[in-house]
Structures are given as C-alpha cells and as structure tokens.
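So this block is query.tsv, TSV, C-alpha atoms:
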chain	number	residue	atom	x	y	z
A	1	MET	CA	88.52	148.75	65.44
A	2	THR	CA	91.24	149.39	62.87
A	3	GLU	CA	90.91	145.86	61.53
A	4	PHE	CA	87.15	146.37	61.15
A	5	HIS	CA	87.64	149.49	59.03
A	6	GLU	CA	90.31	147.81	56.93
A	7	MET	CA	88.07	144.82	56.26
A	8	LEU	CA	85.14	147.12	55.46
A	9	ASN	CA	87.28	149.08	52.99
A	10	LEU	CA	88.44	145.86	51.34
A	11	LEU	CA	84.88	144.60	50.98
A	12	GLU	CA	83.69	147.91	49.55
A	13	ALA	CA	86.58	147.91	47.06
A	14	GLU	CA	85.75	144.35	46.01
A	15	ARG	CA	82.09	145.27	45.63
A	16	GLU	CA	83.00	148.26	43.47
A	17	ARG	CA	85.19	146.05	41.29
A	18	TYR	CA	82.30	143.70	40.61
A	19	ILE	CA	79.98	146.62	39.85
A	20	LEU	CA	82.46	147.98	37.29
A	21	GLU	CA	82.84	144.53	35.77
A	22	ALA	CA	79.06	144.19	35.50
A	23	ALA	CA	78.88	147.56	33.73
A	24	ARG	CA	81.59	146.43	31.30
A	25	LEU	CA	79.70	143.23	30.53
A	26	GLU	CA	76.48	145.18	29.97
A	27	ARG	CA	78.26	147.41	27.44
A	28	ARG	CA	79.65	144.30	25.71
A	29	LEU	CA	76.18	142.73	25.63
A	30	GLU	CA	74.73	145.89	24.09
A	31	SER	CA	77.43	145.80	21.41
A	32	ILE	CA	76.58	142.15	20.63
A	33	ARG	CA	72.88	143.00	20.36
A	34	THR	CA	73.74	145.78	17.89
A	35	GLN	CA	75.71	143.32	15.78
A	36	VAL	CA	72.82	140.82	15.82
A	37	THR	CA	70.42	143.56	14.68
A	38	ALA	CA	72.77	144.50	11.83
A	39	ILE	CA	72.99	140.86	10.71
A	40	ASP	CA	69.17	140.52	10.89
A	41	ASN	CA	68.87	143.57	8.62
A	42	LEU	CA	71.27	142.02	6.12
A	43	ILE	CA	69.30	138.76	6.16
A	44	SER	CA	66.03	140.66	5.58
A	45	GLY	CA	67.64	142.52	2.68
A	46	TYR	CA	68.75	139.33	0.98
A	47	ILE	CA	65.29	137.77	1.46
A	48	GLU	CA	63.54	140.82	-0.01
A	49	GLU	CA	65.92	140.82	-2.98
A	50	LYS	CA	65.19	137.12	-3.60
A	51	GLN	CA	61.43	137.72	-3.41
A	52	HIS	CA	61.77	140.67	-5.79
A	53	ASP	CA	63.56	138.53	-8.39
A	54	HIS	CA	60.98	135.75	-7.97
A	55	PHE	CA	58.15	138.24	-8.57
A	56	TYR	CA	59.50	139.34	-11.94
A	57	GLN	CA	60.19	135.76	-12.95
A	58	GLN	CA	56.60	134.76	-12.09
A	59	PHE	CA	54.74	137.59	-13.86
A	60	PRO	CA	55.20	139.01	-17.38
A	61	GLN	CA	56.79	142.44	-17.47
A	62	SER	CA	53.57	144.24	-18.53
A	63	SER	CA	51.53	142.59	-15.73
A	64	ALA	CA	54.22	143.37	-13.16
A	65	LEU	CA	54.34	147.03	-14.20
A	66	ALA	CA	50.55	147.30	-14.02
A	67	TYR	CA	50.56	145.69	-10.56
A	68	LEU	CA	53.27	148.04	-9.32
A	69	GLU	CA	51.51	151.09	-10.78
A	70	GLU	CA	48.31	150.19	-8.91
A	71	ASP	CA	50.28	149.68	-5.72
A	72	ARG	CA	51.97	153.06	-6.24
A	73	ARG	CA	48.59	154.82	-6.51
A	74	ASP	CA	47.53	153.27	-3.20
A	75	ILE	CA	50.77	154.42	-1.60
A	76	ASN	CA	50.26	157.99	-2.87
A	77	ILE	CA	46.74	158.05	-1.42
A	78	LEU	CA	47.99	156.80	1.91
A	79	SER	CA	50.90	159.23	1.95
A	80	ILE	CA	48.51	162.22	1.78
A	81	ASP	CA	46.85	161.19	5.06
A	82	GLU	CA	50.17	160.21	6.62
A	83	LYS	CA	51.70	163.57	5.68
A	84	ILE	CA	48.97	165.34	7.65
A	85	ASP	CA	49.80	163.23	10.70
A	86	ILE	CA	53.53	163.83	10.24
A	87	ASP	CA	53.03	167.60	9.91
A	88	GLU	CA	51.05	167.58	13.16
A	89	GLU	CA	53.61	165.49	15.03
A	90	LYS	CA	56.99	166.51	13.60
A	91	LEU	CA	57.43	169.27	16.16
A	92	GLU	CA	56.86	166.94	19.14
A	93	PRO	CA	60.56	165.89	19.59
A	94	GLU	CA	61.63	169.53	19.65
A	95	ASP	CA	58.81	170.38	22.04
A	96	ASN	CA	59.82	167.50	24.32
A	97	TYR	CA	63.43	168.64	24.21
A	98	ASN	CA	62.46	172.20	25.07
A	99	GLU	CA	60.26	170.91	27.90
A	100	ALA	CA	63.11	168.80	29.31
A	101	GLN	CA	65.49	171.72	28.94
A	102	SER	CA	63.00	173.99	30.68
A	103	GLN	CA	62.68	171.53	33.56
A	104	GLN	CA	66.47	171.44	33.86
A	105	GLU	CA	66.59	175.23	33.97
A	106	GLU	CA	63.86	175.33	36.63
A	107	ILE	CA	66.08	173.57	39.17
A	108	ASP	CA	66.99	176.24	41.69
A	109	ILE	CA	70.42	176.06	43.30
A	110	SER	CA	70.61	179.72	44.25
A	111	ASP	CA	70.23	178.76	47.92
A	112	ILE	CA	73.41	176.64	47.79
A	113	PRO	CA	76.41	178.84	48.64
A	114	LYS	CA	79.78	178.27	47.04
A	115	THR	CA	81.95	178.19	50.15
A	116	ASN	CA	79.78	176.60	52.82
A	117	GLY	CA	81.05	173.52	54.70
A	118	GLY	CA	84.66	173.61	53.55
A	119	ARG	CA	86.56	174.39	50.37
A	120	GLN	CA	87.71	172.13	47.56
A	121	SER	CA	91.17	170.65	47.44
A	122	VAL	CA	93.45	172.68	45.18
A	123	SER	CA	95.38	169.56	44.22
A	124	LEU	CA	92.19	167.70	43.23
A	125	PRO	CA	89.63	170.18	41.83
A	126	MET	CA	86.14	169.12	40.89
A	127	SER	CA	84.56	169.47	37.46
A	128	VAL	CA	83.92	172.98	36.14
A	129	GLN	CA	80.22	173.02	37.06
A	130	TYR	CA	81.08	172.35	40.72
A	131	GLN	CA	84.12	174.57	41.08
A	132	GLY	CA	83.80	177.00	43.96
A	133	TYR	CA	81.43	174.74	45.89
A	134	SER	CA	82.29	172.57	48.83
A	135	ILE	CA	82.14	168.82	48.24
A	136	ARG	CA	78.99	168.53	50.31
A	137	ASN	CA	77.23	171.30	48.38
A	138	ALA	CA	78.40	169.85	45.06
A	139	ILE	CA	76.79	166.54	46.05
A	140	LEU	CA	73.63	168.42	47.00
A	141	ILE	CA	73.50	170.01	43.53
A	142	LEU	CA	74.05	166.64	41.88
A	143	MET	CA	71.27	164.97	43.87
A	144	ARG	CA	68.85	167.86	43.48
A	145	ARG	CA	69.22	167.65	39.71
A	146	ARG	CA	68.56	163.89	39.74
A	147	PRO	CA	66.31	163.32	42.77
A	148	GLU	CA	65.06	159.88	41.73
A	149	ILE	CA	68.52	158.32	41.36
A	150	GLN	CA	70.23	156.14	43.98
A	151	PHE	CA	73.87	157.21	43.96
A	152	GLN	CA	76.77	154.92	44.82
A	153	ILE	CA	79.94	156.51	46.13
A	154	HIS	CA	82.03	155.69	43.06
A	155	ASP	CA	79.31	157.23	40.82
A	156	ILE	CA	79.40	160.45	42.80
A	157	VAL	CA	83.21	160.54	42.60
A	158	THR	CA	83.00	160.17	38.81
A	159	ASP	CA	80.30	162.84	38.48
A	160	LEU	CA	82.20	165.33	40.63
A	161	TYR	CA	85.78	164.69	39.50
A	162	GLY	CA	85.47	163.01	36.09
A	163	GLU	CA	86.79	159.65	34.92
A	164	ASN	CA	90.44	160.55	34.28
A	165	LEU	CA	91.70	160.05	37.83
A	166	THR	CA	94.73	158.15	38.98
A	167	LYS	CA	94.21	155.46	41.60
A	168	LYS	CA	95.63	157.76	44.28
A	169	GLN	CA	93.37	160.64	43.21
A	170	ARG	CA	90.31	158.38	43.15
A	171	ASP	CA	91.11	157.04	46.63
A	172	THR	CA	91.55	160.59	47.92
A	173	ALA	CA	88.32	161.74	46.31
A	174	ARG	CA	86.48	158.69	47.66
A	175	VAL	CA	87.53	159.48	51.24
A	176	SER	CA	86.40	163.11	50.87
A	177	VAL	CA	83.09	162.18	49.26
A	178	THR	CA	82.39	159.48	51.86
A	179	LYS	CA	82.95	161.98	54.67
A	180	ALA	CA	80.76	164.61	52.98
A	181	LEU	CA	77.98	162.04	52.40
A	182	SER	CA	78.02	161.04	56.07
A	183	LEU	CA	77.86	164.67	57.24
A	184	GLY	CA	75.12	165.48	54.73
A	185	PHE	CA	73.07	162.50	55.88
A	186	LYS	CA	73.35	163.61	59.49
A	187	ALA	CA	72.32	167.12	58.43
A	188	GLY	CA	69.25	165.77	56.62
A	189	LEU	CA	70.39	166.82	53.13
A	190	TRP	CA	69.88	163.31	51.71
A	191	PHE	CA	69.16	159.76	52.85
A	192	LYS	CA	70.90	156.39	53.04
A	193	VAL	CA	69.41	153.50	51.08
A	194	LEU	CA	68.65	150.59	53.40
A	195	ARG	CA	70.71	147.41	53.06
A	196	SER	CA	72.94	149.11	50.47
A	197	PRO	CA	76.17	150.37	52.05
A	198	GLY	CA	77.54	153.47	50.37
A	199	VAL	CA	74.31	154.24	48.47
A	200	TYR	CA	72.42	157.52	48.99
A	201	THR	CA	69.44	159.26	47.44
A	202	PHE	CA	67.85	162.70	47.65
A	203	LYS	CA	64.30	161.72	48.57
A	204	TYR	CA	63.07	159.85	51.63
A	205	GLN	CA	61.06	156.70	50.86
A	206	LYS	CA	59.56	154.66	53.67
A	207	GLY	CA	60.98	151.17	53.71
A	208	ILE	CA	63.69	152.08	51.19
A	209	THR	CA	65.73	154.79	52.89
A	210	ALA	CA	66.86	155.32	56.46
A	211	LYS	CA	65.55	158.23	58.47
A	212	THR	CA	67.89	161.06	59.34
A	213	PRO	CA	69.49	160.33	62.72
A	214	LYS	CA	68.25	162.59	65.52
A	215	SER	CA	70.69	165.20	66.76
If you convert what's in this file into structure tokens, what do you get?
Amino acid sequence: MTEFHEMLNLLEAERERYILEAARLERRLESIRTQVTAIDNLISGYIEEKQHDHFYQQFPQSSALAYLEEDRRDINILSIDEKIDIDEEKLEPEDNYNEAQSQQEEIDISDIPKTNGGRQSVSLPMSVQYQGYSIRNAILILMRRRPEIQFQIHDIVTDLYGENLTKKQRDTARVSVTKALSLGFKAGLWFKVLRSPGVYTFKYQKGITAKTPKS
C-alpha cells in the first residue's frame, strides 16, 4: 500500500512538472507572437512610407495638395458621424467594468465561517483574503468566486498561499490542500472531475464530474 502511494505521488509530481513546463512554453509563444506583431507593424510602416514618397513623385505638388484636401473633407464628414457613435459607446467599457465589479460584490460568503473545519497553520499562513478561514473554507470561497473553473491542486495551492513558497512549504501546503479537497468532496462542497486526478470544480456536470459519494 505504501509503494502504491509513493508511486502515485511520483506520477502526480511528474504530471505537475509537465503542466508547469507547458505553461512556460505558452508564455514564451505569446512573447514570440508579440515580437512578430511588432515586426509586422514596422514592415507596414516602411511600406506606407514608400507609397507616400511614390505618390508625391507621381503627382505634381498642386495636384497632390488638391487631392489631399478633398480626402480631408471626406474624412471630416465621416468623423462627425463617427463621433456620434463614439459618444454613445465610450461609456461601455466603464459600464462593463462596473457590471463585473458588481457581480464580484454580489458573491455571498457570509455563510462561510472563519474557524469551521480546522484552523490554518501558523507556520504557513494563507494569503490575506483567506486568513482566519480553514483551508477547506478558503477553497470553498475560491471555488464559489470562480464556479466555472476546473481547479488543479497546484493551482489551488498557489491561489491560497501565493507563488513565493519553498519546496518544503509547497509540499506541506499540497498535503493540506489535498486532504481538505477530499473531505470537501465527501461533504458535497465541490466535485471531482472525471478521468482527471487532482482536479476539482464547484458545479456538478453530468458526464464530466463524479457524484458525491453517499455517506
């Protein structure tokens, strides 16, 4: 039995390592895409500059000025209509932000007590927003705020304790979080994701999550 748990722990650790490596590669890929976009912008700038020079070489100065003046009048006419649309829409981002903020504020955690199901470790405190709560209740708050997310154990450890943990602290936190997740699943607070060891989510979905085991 001991060998089984040791092998399981090794496999989970290896799986976590690959997940972290995949995240690192995704960040690197995003950085490369940003660089490609910047280079594309530079190329477009050089092309536009070349076309601009060619335009003035092709037309006499008086004809070019007349052409540009006509184009400017069209732009001014268009800008009047566009300004109306902008004035009507410019408040939308702020409205969306306020709506999102309002939804965040509407999440009720008043029914989650601060000392139910065990206290936090003094030597390894959780982040400020979870201080005073048990690990299980802190996880419940986290999942209630993001009910659509499937949480892996290492993600929950990072959310609860932050990223600046030593290896020993992370291992300790992982054991505590794993235990709290198992107890919370048995209590029906959240659900396991099928065929994904160590992954939990707040909402039950038929065919995606496992049912709460019967007492």
**Item:** Neighbour residues at most 12 Å from (69.4, 156.7, 61.0) (only C-alpha atoms) as an NGL selection string
**Value:** :A and (182 or 185-188 or 190-194 or 204 or 209-215)
**Request:** Kindly indicate which residue among A:Gln150, A:Asn9, A:Gln129, A:Ser134 lies nearest to Phe202 in chain A, using all atoms listed in the file for the distances.
**Result:** A:Gln150
**Message:** One decimal, in Å: what's the spacing between CA of Asn137 in chain A and CA of Lys114 in chain A?
**Reply:**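 Calculated distance between CA of Asn137 in chain A and CA of Lys114 in chain A is 7.5 Å.
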**Request:** Give me, please, the distance in Å between CA of Ile153 in chain A and CA of Gln131 in chain A, quoted to one decimal.
**Result:** 19.2 Å
**Prompt:** So what do you get for CA of Ala173 in chain A versus CA of Tyr161 in chain A, distance-wise?
**Reply:**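 Taking CA of Ala173 in chain A and CA of Tyr161 in chain A, their separation equals 7.8 Å.
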**Asked** With all atoms listed in the file as the basis for distance, which of A:Asp171, A:Glu3, A:Asp159, A:Glu21 is at the shortest distance from Ala138 in chain A?
**Response**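 Smallest distance to Ala138 in chain A is found for A:Asp159.
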